[in-house]
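Asks: What follows is a structure written as C-alpha cells; I'll ask about it next.
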Amino acid sequence: MLRVVIYLKDQEHSTLGELAEREYRTIQAQAAMIIRKKLESLGLLSGESPLETTVISKSAAPVEEEHHANR
C-alpha cells in the first residue's frame, strides 16, 4: 500500500474527522474511502472497497452470554 500526503485546512480536517467518527472509521480510512468512491463514480475503478467490509454497524447488538442453570 502506498502513502499519500494530503494537506487540509482546519475546517476540512475537523469535518472529515466528524464524518469518520460517525461512520466508525479512522480519518485515513475515511479519506481513502471518499477518494475510492469518487474514482468509482468517474468510472475509473470498479468493485467493492475492502474498507467497506471493516465498518462496524451502529445497530450491532452486543453478544449475550449464555447462562447455564446448575442441575
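All residue names refer to the C-alpha cells as shown: chains lettered A, B, ... in order, residues numbered from 1 in each chain, ligands numbered from 1 in order.
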Quick one: residues within 12 Å of Gln30 of chain A, only C-alpha atoms, excluding same-chain residues fewer than 2 positions away - as a PDB file with C-alpha atoms, in the first residue's frame?

Replies:
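What landed in selection03.pdb:
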ATOM      1  CA  HIS A  13      -9.814  18.196   8.767  1.00  0.00           C
ATOM      2  CA  THR A  15     -15.265  17.845   9.267  1.00  0.00           C
ATOM      3  CA  LEU A  16     -13.523  14.761   7.891  1.00  0.00           C
ATOM      4  CA  GLY A  17     -12.840  13.660  11.473  1.00  0.00           C
ATOM      5  CA  GLU A  18     -16.503  14.083  12.426  1.00  0.00           C
ATOM      6  CA  LEU A  19     -17.619  12.054   9.418  1.00  0.00           C
ATOM      7  CA  ALA A  20     -15.057   9.347  10.157  1.00  0.00           C
ATOM      8  CA  GLU A  21     -16.198   9.115  13.765  1.00  0.00           C
ATOM      9  CA  ARG A  22     -19.842   8.922  12.706  1.00  0.00           C
ATOM     10  CA  GLU A  23     -19.018   6.042  10.347  1.00  0.00           C
ATOM     11  CA  TYR A  24     -16.628   4.277  12.771  1.00  0.00           C
ATOM     12  CA  ARG A  25     -13.519   4.780  10.634  1.00  0.00           C
ATOM     13  CA  THR A  26     -10.154   6.390  11.135  1.00  0.00           C
ATOM     14  CA  ILE A  27      -9.634   9.697   9.353  1.00  0.00           C
ATOM     15  CA  GLN A  28      -7.205   7.969   6.981  1.00  0.00           C
ATOM     16  CA  ALA A  32      -9.324   6.657   1.329  1.00  0.00           C
ATOM     17  CA  MET A  33     -12.978   5.627   1.005  1.00  0.00           C
ATOM     18  CA  ILE A  34     -14.017   9.080  -0.270  1.00  0.00           C
ATOM     19  CA  ILE A  35     -11.241   9.026  -2.883  1.00  0.00           C
ATOM     20  CA  ARG A  36     -12.094   5.482  -3.960  1.00  0.00           C
ATOM     21  CA  LYS A  37     -15.831   6.277  -4.244  1.00  0.00           C
ATOM     22  CA  SER A  49     -13.687  -1.334  -1.449  1.00  0.00           C
ATOM     23  CA  LEU A  51     -12.701  -0.770   3.679  1.00  0.00           C
ATOM     24  CA  GLU A  52     -16.448  -1.288   3.365  1.00  0.00           C
ATOM     25  CA  THR A  54     -14.407  -3.376   8.068  1.00  0.00           C
ATOM     26  CA  VAL A  55     -17.064  -0.889   9.156  1.00  0.00           C
TER      27      VAL A  55
END

Asks: What gap, in Å, lies between atom CA of Val5 of chain A and atom CA of Ala31 of chain A?

Replies: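 So the answer is 11.0 Å.
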
Asks: For a test of reading the model, state the distance in Å between atom CA of Asp10 of chain A and atom CA of Leu39 of chain A, rounded to one decimal.

Replies: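 Pair atom CA of Asp10 of chain A / atom CA of Leu39 of chain A returns 24.7 Å.
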
Asks: Rounded to one decimal in Å, what is the spacing between atom CA of Arg3 of chain A and atom CA of Gly47 of chain A?

Replies: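 Computed distance, atom CA of Arg3 of chain A to atom CA of Gly47 of chain A, equals 21.2 Å.
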